[in-house]
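Participant: Quick one: the structure is below, and I'll ask about it shortly.
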Amino acid sequence: MNSKGRFVVLEGIDGAGTTTHVARLAERLRASRVPVRATREPSDGPVGTLVRQVLTGRVVVPGGRAPGWSTMALLFAADRMDHVGSEIDPFIAEGGVVVSDRYDASSLAYQSVSSGAEAKEAVEWIRSLNRYVRRPDLTIVLDVSPETAAERRRHRGEPVQLYEQNEIQRALAAFYKDLNKHMPKDRIVVVDAAGPVEVVHGRIWDAYERG
Ligand SMILES: Nc1ncnc2c1ncn2[C@@H]1O[C@H](COP(=O)(O)OP(=O)(O)O)[C@@H](O)[C@H]1O
Ligand SMILES: [Mg+2]
């Protein structure tokens, strides 16, 4: 591989289209003969697999509830360390482009929003938990209304996951619009993600090419 390594992250609320557009962007890059790896968080590593089991209700604490927001923040941070070390860093070191479906912005958004009254403190703590992981070169936030996202989730027809409640999704949408306030040193581009897949892909491609 001889192109320059690059790390790009797609973020947004559930149903914004991150999974669809990570696949679409990777496909476009591959067609342009760019060495690309599409990946996701929670990752497919051991901790990520555990986190997915929490999200789908297969792992609970005694009493039958999901673990609290701070346990989730630690699990996501541990998964991220493993994900970066095993999948992201080695590929970028070879000059590849890694495109990830979610990264630490999701931790900041989801765990701080679900911490309720402690939100401000939660953001600081989660930021420090993730202090040593690689920064993305570009984070693209897919911005859709919570109503549009809910409609897409309904059409997708998958079982409802831990954070997929309207109130949480509304708070997440607001958080993502202001993401640059929480990550002032990162390059963050908010893209209008309403409309047909190919139209939104065009906007994402423009953001990618601008760098
Ligand atoms: N413009 C669009 N971008 C992405 N997905 C869209 C769009 N319009 C409709 N959809 C549909 O919405 C759903 C989004 O699902 P997904 O990509 O898994 O979102 P997320 O990973 O953000 O939850 C898919 O079923 C997709 O076909
Ligand atoms: Mg998804």
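Going through the structure tokens in order, the chains are called A, B, and so on, while each chain numbers its residues from 1 and the ligands are numbered from 1 in the order shown.
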Name the residues in contact with A:Ser70 at a cut-off of 9 Å, using only C-alpha atoms, excluding same-chain residues fewer than 3 positions from it; report them as an NGL selection string.
Facilitator: :A and (67 or 73-75 or 111-112 or 115 or 122 or 126)
Participant: Give as a PDB file with N, CA and C atoms, in the first residue's frame the residues surrounding ligand 2 up to a distance of 8 Å, considering only C-alpha atoms and all ligand atoms.
Facilitator:
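Writing the result to result-v9.pdb gives the following:
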ATOM      1  N   ASP A  14     -29.412   6.745  16.192  1.00  0.00           N
ATOM      2  CA  ASP A  14     -29.787   5.435  15.644  1.00  0.00           C
ATOM      3  C   ASP A  14     -30.794   5.621  14.507  1.00  0.00           C
ATOM      4  N   GLY A  15     -30.425   5.144  13.325  1.00  0.00           N
ATOM      5  CA  GLY A  15     -31.272   5.336  12.149  1.00  0.00           C
ATOM      6  C   GLY A  15     -30.791   6.490  11.272  1.00  0.00           C
ATOM      7  N   GLY A  17     -28.113   6.512   9.626  1.00  0.00           N
ATOM      8  CA  GLY A  17     -27.572   5.908   8.409  1.00  0.00           C
ATOM      9  C   GLY A  17     -26.081   5.617   8.462  1.00  0.00           C
ATOM     10  N   THR A  18     -25.502   5.569   9.648  1.00  0.00           N
ATOM     11  CA  THR A  18     -24.049   5.357   9.725  1.00  0.00           C
ATOM     12  C   THR A  18     -23.636   4.025   9.094  1.00  0.00           C
ATOM     13  N   THR A  19     -24.393   2.960   9.366  1.00  0.00           N
ATOM     14  CA  THR A  19     -24.009   1.646   8.828  1.00  0.00           C
ATOM     15  C   THR A  19     -24.114   1.640   7.300  1.00  0.00           C
ATOM     16  N   THR A  20     -25.209   2.183   6.796  1.00  0.00           N
ATOM     17  CA  THR A  20     -25.413   2.267   5.345  1.00  0.00           C
ATOM     18  C   THR A  20     -24.272   3.048   4.689  1.00  0.00           C
ATOM     19  N   ASP A 101     -17.804   2.911  11.679  1.00  0.00           N
ATOM     20  CA  ASP A 101     -19.195   3.161  12.045  1.00  0.00           C
ATOM     21  C   ASP A 101     -19.191   3.406  13.560  1.00  0.00           C
TER      22      ASP A 101
END
Participant: Per residue of stretch 116-161 of chain A within 6 Å of stretch 173-196 of chain A, which atom pair is closest and at what distance in Å (one decimal), using only C-alpha atoms, listed by chain and increasing number, as a Markdown table?
Facilitator:
| residue | atom | partner | partner_atom | distance |
| --- | --- | --- | --- | --- |
| A:Leu138 | CA | A:Arg187 | CA | 5.2 |
| A:Thr139 | CA | A:Ile188 | CA | 4.8 |
| A:Ile140 | CA | A:Val189 | CA | 4.9 |
| A:Val141 | CA | A:Val190 | CA | 4.6 |
| A:Leu142 | CA | A:Ala193 | CA | 5.2 |
| A:Asp143 | CA | A:Asp192 | CA | 5.1 |
| A:Val144 | CA | A:Ala193 | CA | 5.4 |
Participant: Nearest to ligand 1 among A:Glu11, A:Asp89, A:Glu147, A:Glu27, with distances taken over only C-alpha atoms and all ligand atoms: which residue is it?
Facilitator: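 Answer, going by the shortest atom-to-atom distance: A:Glu11.
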Participant: Write out as a PyMOL selection string all residues of stretch 42-140 of chain A that DSSP puts in alpha helix (DSSP H) for this structure's backbone.
Facilitator: chain A and resi 46-55+69-83+89-93+104-113+119-129
Participant: Write the residues of the selection above to a file with N, CA and C atoms, as a short mmCIF file (atom, residue, chain, number, x, y, z; two decimals), in the first residue's frame.
Facilitator:
data_model
loop_
_atom_site.label_atom_id
_atom_site.label_comp_id
_atom_site.auth_asym_id
_atom_site.auth_seq_id
_atom_site.Cartn_x
_atom_site.Cartn_y
_atom_site.Cartn_z
N PRO A 46 -13.50 -9.10 21.50
CA PRO A 46 -14.14 -9.74 22.65
C PRO A 46 -14.98 -8.79 23.51
N VAL A 47 -14.46 -7.59 23.79
CA VAL A 47 -15.24 -6.65 24.62
C VAL A 47 -16.42 -6.09 23.83
N GLY A 48 -16.18 -5.82 22.54
CA GLY A 48 -17.26 -5.32 21.68
C GLY A 48 -18.41 -6.30 21.57
N THR A 49 -18.06 -7.56 21.53
CA THR A 49 -19.09 -8.61 21.44
C THR A 49 -19.93 -8.62 22.72
N LEU A 50 -19.26 -8.44 23.85
CA LEU A 50 -19.99 -8.35 25.13
C LEU A 50 -20.91 -7.13 25.13
N VAL A 51 -20.40 -6.00 24.65
CA VAL A 51 -21.21 -4.78 24.63
C VAL A 51 -22.46 -4.98 23.75
N ARG A 52 -22.30 -5.64 22.61
CA ARG A 52 -23.47 -5.89 21.76
C ARG A 52 -24.51 -6.75 22.49
N GLN A 53 -24.02 -7.67 23.32
CA GLN A 53 -24.96 -8.50 24.09
C GLN A 53 -25.70 -7.67 25.14
N VAL A 54 -25.03 -6.64 25.67
CA VAL A 54 -25.73 -5.73 26.59
C VAL A 54 -26.80 -4.95 25.82
N LEU A 55 -26.43 -4.43 24.65
CA LEU A 55 -27.36 -3.59 23.88
C LEU A 55 -28.62 -4.35 23.47
N TRP A 69 -24.72 3.76 33.15
CA TRP A 69 -23.99 4.51 32.12
C TRP A 69 -22.47 4.47 32.34
N SER A 70 -22.04 4.47 33.63
CA SER A 70 -20.59 4.53 33.86
C SER A 70 -19.93 3.18 33.55
N THR A 71 -20.62 2.08 33.86
CA THR A 71 -20.11 0.76 33.46
C THR A 71 -20.04 0.69 31.94
N MET A 72 -21.07 1.20 31.27
CA MET A 72 -21.08 1.18 29.81
C MET A 72 -19.92 2.02 29.25
N ALA A 73 -19.66 3.17 29.87
CA ALA A 73 -18.56 4.03 29.39
C ALA A 73 -17.22 3.29 29.49
N LEU A 74 -17.04 2.54 30.58
CA LEU A 74 -15.79 1.79 30.74
C LEU A 74 -15.70 0.64 29.75
N LEU A 75 -16.81 -0.04 29.53
CA LEU A 75 -16.80 -1.14 28.55
C LEU A 75 -16.49 -0.61 27.15
N PHE A 76 -17.15 0.48 26.77
CA PHE A 76 -16.91 1.05 25.44
C PHE A 76 -15.46 1.52 25.30
N ALA A 77 -14.91 2.11 26.39
CA ALA A 77 -13.53 2.59 26.32
C ALA A 77 -12.55 1.41 26.18
N ALA A 78 -12.84 0.33 26.91
CA ALA A 78 -11.98 -0.86 26.82
C ALA A 78 -12.06 -1.47 25.42
N ASP A 79 -13.27 -1.53 24.89
CA ASP A 79 -13.44 -2.05 23.53
C ASP A 79 -12.66 -1.19 22.53
N ARG A 80 -12.70 0.12 22.74
CA ARG A 80 -12.03 1.04 21.80
C ARG A 80 -10.51 0.85 21.83
N MET A 81 -9.95 0.70 22.99
CA MET A 81 -8.50 0.45 23.10
C MET A 81 -8.12 -0.78 22.28
N ASP A 82 -8.91 -1.83 22.46
CA ASP A 82 -8.65 -3.09 21.76
C ASP A 82 -8.84 -2.92 20.25
N HIS A 83 -9.90 -2.20 19.89
CA HIS A 83 -10.24 -1.97 18.48
C HIS A 83 -9.12 -1.19 17.77
N ASP A 89 -5.03 0.93 14.06
CA ASP A 89 -3.64 1.38 13.92
C ASP A 89 -2.83 0.58 12.90
N PRO A 90 -2.90 -0.77 12.94
CA PRO A 90 -2.06 -1.52 12.00
C PRO A 90 -2.40 -1.22 10.53
N PHE A 91 -3.66 -1.02 10.22
CA PHE A 91 -4.06 -0.77 8.83
C PHE A 91 -3.64 0.63 8.39
N ILE A 92 -3.79 1.60 9.27
CA ILE A 92 -3.38 2.96 8.94
C ILE A 92 -1.85 3.02 8.77
N ALA A 93 -1.14 2.28 9.60
CA ALA A 93 0.32 2.25 9.50
C ALA A 93 0.79 1.74 8.14
N ASP A 104 -15.33 7.41 19.54
CA ASP A 104 -15.54 7.89 20.91
C ASP A 104 -16.58 9.00 21.03
N ALA A 105 -16.95 9.66 19.92
CA ALA A 105 -18.05 10.63 19.99
C ALA A 105 -19.34 9.94 20.44
N SER A 106 -19.52 8.67 20.03
CA SER A 106 -20.70 7.92 20.47
C SER A 106 -20.68 7.71 21.98
N SER A 107 -19.50 7.43 22.53
CA SER A 107 -19.40 7.29 23.99
C SER A 107 -19.79 8.58 24.69
N LEU A 108 -19.21 9.70 24.18
CA LEU A 108 -19.53 11.00 24.79
C LEU A 108 -21.01 11.26 24.71
N ALA A 109 -21.61 11.01 23.55
CA ALA A 109 -23.02 11.33 23.35
C ALA A 109 -23.92 10.39 24.16
N TYR A 110 -23.79 9.09 23.93
CA TYR A 110 -24.75 8.14 24.51
C TYR A 110 -24.61 8.03 26.03
N GLN A 111 -23.37 7.92 26.54
CA GLN A 111 -23.24 7.73 27.98
C GLN A 111 -23.49 9.03 28.75
N SER A 112 -23.16 10.18 28.17
CA SER A 112 -23.45 11.42 28.91
C SER A 112 -24.95 11.70 28.91
N VAL A 113 -25.60 11.46 27.78
CA VAL A 113 -27.04 11.68 27.71
C VAL A 113 -27.78 10.76 28.69
N ALA A 119 -24.61 15.06 33.46
CA ALA A 119 -24.10 15.09 32.09
C ALA A 119 -22.76 15.80 31.91
N LYS A 120 -22.61 16.99 32.51
CA LYS A 120 -21.40 17.77 32.26
C LYS A 120 -20.16 17.05 32.81
N GLU A 121 -20.29 16.55 34.00
CA GLU A 121 -19.22 15.79 34.62
C GLU A 121 -18.93 14.52 33.83
N ALA A 122 -20.00 13.89 33.36
CA ALA A 122 -19.87 12.65 32.59
C ALA A 122 -19.04 12.89 31.34
N VAL A 123 -19.28 14.00 30.65
CA VAL A 123 -18.53 14.31 29.42
C VAL A 123 -17.04 14.40 29.73
N GLU A 124 -16.69 15.09 30.80
CA GLU A 124 -15.28 15.25 31.17
C GLU A 124 -14.62 13.90 31.47
N TRP A 125 -15.35 13.10 32.23
CA TRP A 125 -14.81 11.79 32.63
C TRP A 125 -14.63 10.88 31.41
N ILE A 126 -15.62 10.87 30.53
CA ILE A 126 -15.55 10.00 29.35
C ILE A 126 -14.41 10.47 28.43
N ARG A 127 -14.26 11.80 28.32
CA ARG A 127 -13.13 12.31 27.52
C ARG A 127 -11.81 11.82 28.07
N SER A 128 -11.68 11.84 29.39
CA SER A 128 -10.39 11.40 29.96
C SER A 128 -10.19 9.89 29.80
N LEU A 129 -11.26 9.13 29.84
CA LEU A 129 -11.14 7.68 29.62
C LEU A 129 -10.59 7.36 28.23
#
Participant: Of the residues A:Ala171, A:Leu29, A:Arg37, A:Gln161, which is the one nearest to A:Arg58, using only C-alpha atoms?
Facilitator: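 When distances to A:Arg58 are compared using only C-alpha atoms, the smallest one comes from A:Gln161.
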Participant: For ligand 1, which residue among A:Phe7, A:Tyr208, A:Tyr163, A:Tyr132 is the nearest when counting only C-alpha atoms and all ligand atoms?
Facilitator: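 Checking each of A:Phe7, A:Tyr208, A:Tyr163, A:Tyr132 against ligand 1, counting only C-alpha atoms and all ligand atoms, the winner is A:Tyr163.
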Participant: If we count only C-alpha atoms and set the cut-off at 7 Å, which residues sit around A:Pro146, ignoring sequence neighbours fewer than 2 positions away in its own chain? Please answer as a VMD selection string.
Facilitator: chain A and resid 144 148 to 150 169 to 170 173
Participant: For those residues, write N, CA and C atoms to a file as an mmCIF file, in the first residue's frame.
Facilitator:
data_model
loop_
_atom_site.group_PDB
_atom_site.id
_atom_site.type_symbol
_atom_site.label_atom_id
_atom_site.label_comp_id
_atom_site.auth_asym_id
_atom_site.auth_seq_id
_atom_site.Cartn_x
_atom_site.Cartn_y
_atom_site.Cartn_z
ATOM 1 N N VAL A 144 -30.009 13.922 11.063
ATOM 2 C CA VAL A 144 -31.427 13.771 10.668
ATOM 3 C C VAL A 144 -32.300 14.047 11.881
ATOM 4 N N THR A 148 -37.408 11.255 11.603
ATOM 5 C CA THR A 148 -36.956 10.542 10.396
ATOM 6 C C THR A 148 -36.167 9.293 10.773
ATOM 7 N N ALA A 149 -35.311 9.428 11.776
ATOM 8 C CA ALA A 149 -34.496 8.281 12.203
ATOM 9 C C ALA A 149 -35.384 7.170 12.756
ATOM 10 N N ALA A 150 -36.403 7.548 13.527
ATOM 11 C CA ALA A 150 -37.311 6.549 14.108
ATOM 12 C C ALA A 150 -38.059 5.808 13.001
ATOM 13 N N GLN A 169 -33.120 9.680 22.015
ATOM 14 C CA GLN A 169 -32.710 10.020 20.648
ATOM 15 C C GLN A 169 -32.789 11.524 20.395
ATOM 16 N N ARG A 170 -33.785 12.187 20.981
ATOM 17 C CA ARG A 170 -33.882 13.653 20.833
ATOM 18 C C ARG A 170 -32.689 14.335 21.504
ATOM 19 N N ALA A 173 -29.596 13.804 19.367
ATOM 20 C CA ALA A 173 -29.566 14.648 18.168
ATOM 21 C C ALA A 173 -29.040 16.037 18.526
#
Participant: Among stretch 61-197 of chain A, which residues does DSSP mark as strand (DSSP E or B) when it is run on the backbone? Keep the chain and numbering as in the structure and answer as a ChimeraX atom specification.
Facilitator: /A:97-101,138-143,188-192
Participant: I need the chosen residues saved as a PDB file, in the first residue's frame, with C-alpha atoms.
Facilitator:
ATOM      1  CA  VAL A  97      -7.993   4.282   5.023  1.00  0.00           C
ATOM      2  CA  VAL A  98     -10.084   3.093   7.971  1.00  0.00           C
ATOM      3  CA  VAL A  99     -13.763   4.081   8.001  1.00  0.00           C
ATOM      4  CA  SER A 100     -15.483   3.386  11.323  1.00  0.00           C
ATOM      5  CA  ASP A 101     -19.195   3.161  12.045  1.00  0.00           C
ATOM      6  CA  LEU A 138     -12.272  13.460  10.112  1.00  0.00           C
ATOM      7  CA  THR A 139     -15.593  12.843  11.866  1.00  0.00           C
ATOM      8  CA  ILE A 140     -18.743  13.131   9.748  1.00  0.00           C
ATOM      9  CA  VAL A 141     -21.973  13.568  11.726  1.00  0.00           C
ATOM     10  CA  LEU A 142     -25.100  12.439   9.880  1.00  0.00           C
ATOM     11  CA  ASP A 143     -27.784  14.882  10.918  1.00  0.00           C
ATOM     12  CA  ILE A 188     -15.982  17.533  12.598  1.00  0.00           C
ATOM     13  CA  VAL A 189     -18.347  18.055   9.672  1.00  0.00           C
ATOM     14  CA  VAL A 190     -22.125  17.890  10.111  1.00  0.00           C
ATOM     15  CA  VAL A 191     -23.874  16.622   6.977  1.00  0.00           C
ATOM     16  CA  ASP A 192     -27.596  16.837   6.227  1.00  0.00           C
TER      17      ASP A 192
END
Participant: Here is a test: counting only C-alpha atoms and all ligand atoms, which residue of A:Ala23, A:Val61, A:Val8, A:Val84 is nearest to ligand 1?
Facilitator: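 With only C-alpha atoms and all ligand atoms as the atom set, the closest residue is A:Ala23.
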Participant: For each of A:Val36, A:Val200, A:Ile88, A:Ile168, take the minimum atom-to-atom distance to ligand 1, counting only C-alpha atoms and all ligand atoms, then give the residue where this is smallest.
Facilitator: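 Closest candidate: A:Val200.
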